[in-house]
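*Asks:* Just passing along the structure, written as structure tokens.
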Amino acid sequence: MVALGAGGGEAVIAEWIERRLPELIEEHGVVGAQVAVLHDGQIVDAAAGVRNSVTKEPVTSETLFQIGSITKVWTATLIMRLVNEGLLDLDRPVRDVLPEFQIADEAAAKVITPRQLLCHTAGFEGDLKFETGSGDDLLAKYVGLLATAGQVSPPGELYSYCNSGYAVLGRIVEVLRGKPFRAVLGELADSLDVTAATSRADHARHEMADGHLKGLPVTEHLPESWVAGGSVLATTARGLLGFVRMHLSTNEFDAMRERQATHPDFGTGEWWWGLGWELSNHEGGEVIGHTGMTVGYVSMLRVVPAAGLAVVVLANGGDGLRPFFAEIFDHLLGELAGVRKRELPDLPADPMPLDHDKVVGLYRCSALDVHITPGERGTVKVRRVGRDPISAALVSAEQREYVHLKDDVLIAVDKSSVLPLGGRDENGRVGWVHWSRAAMRV
């Protein structure tokens, strides 16, 4: 292993990623990937693997990958430009701009604000996969269909990841700019000299990596109506860091890094949401970033603002993505900025038995059902089942056993994940479980 150190030059960083990336792809069964590092104002990158497991075209530094929900930081940036220009107030109701905005709960619809949409606290159903075509009116149509969206929690009360809310933000951008959202997004990319595809049709014009599930290229995609939340935008790892470099070179978007909402405890202490950015509590310093997942693609961006460091990894499928990403980020962030991701705690030696009457049940959000059934010796068994074909493809339905960790937090016996609980009623029955979305008891 090459020791990069705090003063590691770009040549040393480049040598490490160029050597290790092919090795890690082979070791973890990844189809193809790009890695890019922004350090001391310079970007170095590497590419390896294939764009398509059948045709075997190689991934190059010019290959575009879907970046999934990292797109939300781009959308938030477009929103903040409107704020900075005095065209939008984050704390006024969405209806000031979109008088047609409706959800099933009229009282909530009247008060929901852009700030709540940006930090996922608006409270309405977040994964509604409305297919509204690919025309310039796809977001207007999507917002119209939200009239039936149920309210999960009161506005501003509970963080629950909300792709639907970012579609509303995209519509705000295009109304205030007077042009389609995809055009505004493309203008931002062009201003940064970043090659990007902002529509599904654009993908065919570029050297694209194909997404893969179970080793095969995918044929299904998230609806294009999620464009502002991350179903379409594709770029390169180097291009994505050009966007990050813009953020680090100005104070125009500093407000996006301020804490707005708190995650439930996922076992490593508090995490927060800013305006578009996720704010983590790594050991050694502040880290901001976002992770993206579309059908067959996974992307991860982490930025250490104090060190002027950013690392991005884009992958188009594989069996061992979790350890693949972990090894790259643990090494580069640790060596170059001295920050490390907090590890999940150890299992309790003698966990307190769970009260099945208060925990067991069916919990539901718009994307999936969470089945919690009794286990032995005070444990529970948890199985997540996608409620539509795409959700089913993205979420493992494998059943796992969980034990009590602390307070209202459970941990899987295999230490693969943590499950926060909340919303207890007057009898102590759990009202919701959380997997970045709040799934409510049915």
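Chain lettering (A, B, ...) mirrors the order of the structure tokens, residue numbering begins at 1 for each chain separately, and ligand numbering begins at 1 in order of display.
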Write out as an MDAnalysis selection string each polymer residue whose atoms come within 9 Å of Leu301 of chain A, counting only C-alpha atoms; drop sequence neighbours fewer than 6 positions from it.
*Replies:* chainID A and resid 70 240:241 288:292 310:314
*Asks:* Those residues with N, CA, C and O atoms, as a compact mmCIF listing (two decimals), in the first residue's frame please?
*Replies:*
```txt
# COMPACT_ATOMS: atom_id res chain seq x y z
N ILE A 70 -26.82 11.92 -6.08
CA ILE A 70 -25.88 13.04 -6.01
C ILE A 70 -26.43 14.22 -6.82
O ILE A 70 -26.10 15.37 -6.55
N LEU A 240 -17.77 15.34 -12.08
CA LEU A 240 -18.45 15.58 -10.81
C LEU A 240 -17.57 16.37 -9.85
O LEU A 240 -18.06 17.25 -9.12
N LEU A 241 -16.28 16.14 -9.87
CA LEU A 241 -15.39 16.90 -9.00
C LEU A 241 -15.17 18.33 -9.51
O LEU A 241 -14.82 19.22 -8.74
N ILE A 288 -18.84 16.13 4.19
CA ILE A 288 -20.13 16.27 3.55
C ILE A 288 -20.13 15.39 2.31
O ILE A 288 -19.08 14.96 1.83
N GLY A 289 -21.31 15.13 1.79
CA GLY A 289 -21.34 14.29 0.60
C GLY A 289 -22.74 13.87 0.24
O GLY A 289 -23.73 14.42 0.71
N HIS A 290 -22.81 12.85 -0.60
CA HIS A 290 -24.08 12.23 -0.99
C HIS A 290 -23.76 10.89 -1.62
O HIS A 290 -22.66 10.69 -2.16
N THR A 291 -24.73 10.00 -1.55
CA THR A 291 -24.63 8.70 -2.20
C THR A 291 -25.77 8.59 -3.19
O THR A 291 -26.86 9.14 -2.96
N GLY A 292 -25.52 7.93 -4.32
CA GLY A 292 -26.56 7.78 -5.32
C GLY A 292 -26.73 6.33 -5.73
O GLY A 292 -25.76 5.58 -5.83
N ALA A 310 -11.80 16.05 -2.01
CA ALA A 310 -13.02 15.36 -2.39
C ALA A 310 -12.66 14.07 -3.11
O ALA A 310 -11.68 14.03 -3.87
N VAL A 311 -13.45 13.04 -2.87
CA VAL A 311 -13.25 11.75 -3.52
C VAL A 311 -14.60 11.29 -4.05
O VAL A 311 -15.62 11.37 -3.35
N VAL A 312 -14.60 10.81 -5.29
CA VAL A 312 -15.83 10.27 -5.87
C VAL A 312 -15.52 8.91 -6.49
O VAL A 312 -14.45 8.72 -7.08
N VAL A 313 -16.45 7.98 -6.30
CA VAL A 313 -16.36 6.67 -6.94
C VAL A 313 -17.69 6.40 -7.63
O VAL A 313 -18.75 6.53 -7.02
N LEU A 314 -17.63 6.04 -8.92
CA LEU A 314 -18.81 5.69 -9.70
C LEU A 314 -18.66 4.25 -10.16
O LEU A 314 -17.61 3.86 -10.66
```
*Asks:* Neighbours of segment 88-100 of chain A within 10 Å (only C-alpha atoms; same-chain residues fewer than 5 positions away dropped), as a ChimeraX atom specification?
*Replies:* /A:79-83,108-118,140,143-144,147,168-169,171-173,175-176
*Asks:* Go ahead and compute the interatomic distance for atom CA of Lys129 of chain A and atom CA of Leu145 of chain A, in Å to one decimal.
*Replies:* 10.4 Å
*Asks:* Set the distance at 9 Å and use only C-alpha atoms: which residues neighbour Thr132 of chain A once local chain neighbours fewer than 3 positions away are removed? I'd like the list as a PyMOL selection string.
*Replies:* chain A and resi 135+137-142+223-225
*Asks:* Could you pull out the alpha helix (DSSP H) residues of segment 174-405 of chain A from DSSP and send them as a PyMOL selection string?
*Replies:* chain A and resi 174-177+181-191+200-203+237-248+321-337+356-359+389-394
*Asks:* Here is a test: counting only C-alpha atoms, which residue of A:Gly267, A:Gly211, A:Gly41, A:Gly29 is nearest to Leu419 of chain A?
*Replies:*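 Residue with the minimum atom-to-atom distance to Leu419 of chain A: A:Gly267.
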*Asks:* So which one's closest to Leu185 of chain A, A:Ser231, A:Thr75, A:Thr262, A:Ser391? Using only C-alpha atoms, please.
*Replies:*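 Among A:Ser231, A:Thr75, A:Thr262, A:Ser391, it is A:Thr75 that comes nearest to Leu185 of chain A.
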*Asks:* Excluding Gly242 of chain A and any residue of its chain fewer than 3 positions from it, enumerate the residues within 9 Å of it, using only C-alpha atoms, and give them as number ranges by chain.
*Replies:* A: 38, 43, 192-194, 237-239, 245-247
*Asks:* Now that the selection is made, can you save its residues with all heavy atoms as a PDB file, in the first residue's frame?
*Replies:*
```pdb
ATOM      1  N   LEU A  38      -9.975  15.107  -5.816  1.00  0.00           N
ATOM      2  CA  LEU A  38      -9.642  16.533  -5.848  1.00  0.00           C
ATOM      3  C   LEU A  38      -8.759  16.830  -4.645  1.00  0.00           C
ATOM      4  O   LEU A  38      -9.171  16.623  -3.502  1.00  0.00           O
ATOM      5  CB  LEU A  38     -10.921  17.371  -5.779  1.00  0.00           C
ATOM      6  CG  LEU A  38     -10.750  18.891  -5.580  1.00  0.00           C
ATOM      7  CD1 LEU A  38     -10.026  19.520  -6.768  1.00  0.00           C
ATOM      8  CD2 LEU A  38     -12.104  19.551  -5.358  1.00  0.00           C
ATOM      9  N   ILE A  43      -7.285  17.680  -9.923  1.00  0.00           N
ATOM     10  CA  ILE A  43      -8.079  16.457 -10.013  1.00  0.00           C
ATOM     11  C   ILE A  43      -7.267  15.384 -10.722  1.00  0.00           C
ATOM     12  O   ILE A  43      -6.686  15.617 -11.789  1.00  0.00           O
ATOM     13  CB  ILE A  43      -9.389  16.702 -10.786  1.00  0.00           C
ATOM     14  CG1 ILE A  43     -10.271  17.728 -10.051  1.00  0.00           C
ATOM     15  CG2 ILE A  43     -10.157  15.396 -10.976  1.00  0.00           C
ATOM     16  CD1 ILE A  43     -11.511  18.136 -10.827  1.00  0.00           C
ATOM     17  N   LEU A 192     -19.450  24.897 -16.109  1.00  0.00           N
ATOM     18  CA  LEU A 192     -18.310  24.297 -15.416  1.00  0.00           C
ATOM     19  C   LEU A 192     -17.426  23.499 -16.365  1.00  0.00           C
ATOM     20  O   LEU A 192     -16.452  22.879 -15.922  1.00  0.00           O
ATOM     21  CB  LEU A 192     -18.817  23.378 -14.295  1.00  0.00           C
ATOM     22  CG  LEU A 192     -19.673  24.047 -13.221  1.00  0.00           C
ATOM     23  CD1 LEU A 192     -20.285  22.997 -12.295  1.00  0.00           C
ATOM     24  CD2 LEU A 192     -18.844  25.041 -12.417  1.00  0.00           C
ATOM     25  N   ASP A 193     -17.768  23.496 -17.659  1.00  0.00           N
ATOM     26  CA  ASP A 193     -17.060  22.710 -18.664  1.00  0.00           C
ATOM     27  C   ASP A 193     -17.087  21.224 -18.300  1.00  0.00           C
ATOM     28  O   ASP A 193     -16.088  20.511 -18.434  1.00  0.00           O
ATOM     29  CB  ASP A 193     -15.607  23.198 -18.816  1.00  0.00           C
ATOM     30  CG  ASP A 193     -14.971  22.683 -20.107  1.00  0.00           C
ATOM     31  OD1 ASP A 193     -15.726  22.385 -21.057  1.00  0.00           O
ATOM     32  OD2 ASP A 193     -13.733  22.574 -20.149  1.00  0.00           O
ATOM     33  N   VAL A 194     -18.256  20.784 -17.821  1.00  0.00           N
ATOM     34  CA  VAL A 194     -18.467  19.399 -17.417  1.00  0.00           C
ATOM     35  C   VAL A 194     -19.364  18.716 -18.444  1.00  0.00           C
ATOM     36  O   VAL A 194     -20.461  19.202 -18.741  1.00  0.00           O
ATOM     37  CB  VAL A 194     -19.119  19.327 -16.017  1.00  0.00           C
ATOM     38  CG1 VAL A 194     -19.591  17.906 -15.710  1.00  0.00           C
ATOM     39  CG2 VAL A 194     -18.131  19.801 -14.954  1.00  0.00           C
ATOM     40  N   ALA A 237     -16.513  10.845 -13.214  1.00  0.00           N
ATOM     41  CA  ALA A 237     -16.001  11.140 -11.874  1.00  0.00           C
ATOM     42  C   ALA A 237     -15.248  12.465 -11.883  1.00  0.00           C
ATOM     43  O   ALA A 237     -15.396  13.288 -10.969  1.00  0.00           O
ATOM     44  CB  ALA A 237     -15.103   9.995 -11.394  1.00  0.00           C
ATOM     45  N   ARG A 238     -14.447  12.690 -12.902  1.00  0.00           N
ATOM     46  CA  ARG A 238     -13.711  13.958 -13.001  1.00  0.00           C
ATOM     47  C   ARG A 238     -14.679  15.129 -13.137  1.00  0.00           C
ATOM     48  O   ARG A 238     -14.500  16.180 -12.519  1.00  0.00           O
ATOM     49  CB  ARG A 238     -12.751  13.907 -14.200  1.00  0.00           C
ATOM     50  CG  ARG A 238     -12.046  15.231 -14.499  1.00  0.00           C
ATOM     51  CD  ARG A 238     -11.061  15.081 -15.636  1.00  0.00           C
ATOM     52  NE  ARG A 238      -9.853  14.401 -15.190  1.00  0.00           N
ATOM     53  CZ  ARG A 238      -8.798  15.000 -14.670  1.00  0.00           C
ATOM     54  NH1 ARG A 238      -8.802  16.328 -14.498  1.00  0.00           N
ATOM     55  NH2 ARG A 238      -7.744  14.304 -14.306  1.00  0.00           N
ATOM     56  N   GLY A 239     -15.720  14.973 -13.961  1.00  0.00           N
ATOM     57  CA  GLY A 239     -16.694  16.033 -14.128  1.00  0.00           C
ATOM     58  C   GLY A 239     -17.415  16.358 -12.839  1.00  0.00           C
ATOM     59  O   GLY A 239     -17.648  17.535 -12.523  1.00  0.00           O
ATOM     60  N   ARG A 245     -15.459  21.353  -7.002  1.00  0.00           N
ATOM     61  CA  ARG A 245     -14.438  22.407  -6.938  1.00  0.00           C
ATOM     62  C   ARG A 245     -15.095  23.782  -6.963  1.00  0.00           C
ATOM     63  O   ARG A 245     -14.647  24.707  -6.285  1.00  0.00           O
ATOM     64  CB  ARG A 245     -13.437  22.247  -8.076  1.00  0.00           C
ATOM     65  CG  ARG A 245     -12.330  23.295  -8.067  1.00  0.00           C
ATOM     66  CD  ARG A 245     -11.114  22.840  -8.873  1.00  0.00           C
ATOM     67  NE  ARG A 245     -11.475  22.484 -10.230  1.00  0.00           N
ATOM     68  CZ  ARG A 245     -10.632  21.884 -11.089  1.00  0.00           C
ATOM     69  NH1 ARG A 245      -9.391  21.610 -10.704  1.00  0.00           N
ATOM     70  NH2 ARG A 245     -11.021  21.592 -12.309  1.00  0.00           N
ATOM     71  N   MET A 246     -16.160  23.929  -7.744  1.00  0.00           N
ATOM     72  CA  MET A 246     -16.904  25.186  -7.739  1.00  0.00           C
ATOM     73  C   MET A 246     -17.462  25.484  -6.349  1.00  0.00           C
ATOM     74  O   MET A 246     -17.378  26.616  -5.863  1.00  0.00           O
ATOM     75  CB  MET A 246     -18.026  25.114  -8.776  1.00  0.00           C
ATOM     76  CG  MET A 246     -18.886  26.364  -8.877  1.00  0.00           C
ATOM     77  SD  MET A 246     -20.380  26.273  -7.842  1.00  0.00           S
ATOM     78  CE  MET A 246     -21.345  25.039  -8.713  1.00  0.00           C
ATOM     79  N   HIS A 247     -17.995  24.477  -5.684  1.00  0.00           N
ATOM     80  CA  HIS A 247     -18.536  24.677  -4.338  1.00  0.00           C
ATOM     81  C   HIS A 247     -17.456  25.087  -3.340  1.00  0.00           C
ATOM     82  O   HIS A 247     -17.707  25.903  -2.443  1.00  0.00           O
ATOM     83  CB  HIS A 247     -19.221  23.398  -3.852  1.00  0.00           C
ATOM     84  CG  HIS A 247     -20.689  23.355  -4.145  1.00  0.00           C
ATOM     85  ND1 HIS A 247     -21.644  23.683  -3.231  1.00  0.00           N
ATOM     86  CD2 HIS A 247     -21.357  23.034  -5.288  1.00  0.00           C
ATOM     87  CE1 HIS A 247     -22.844  23.563  -3.777  1.00  0.00           C
ATOM     88  NE2 HIS A 247     -22.695  23.175  -5.030  1.00  0.00           N
TER      89      HIS A 247
END
```
*Asks:* Grab the atom CA of Val54 of chain A to atom CA of Ala234 of chain A distance for me, in Å with one decimal place.
*Replies:* 21.1 Å
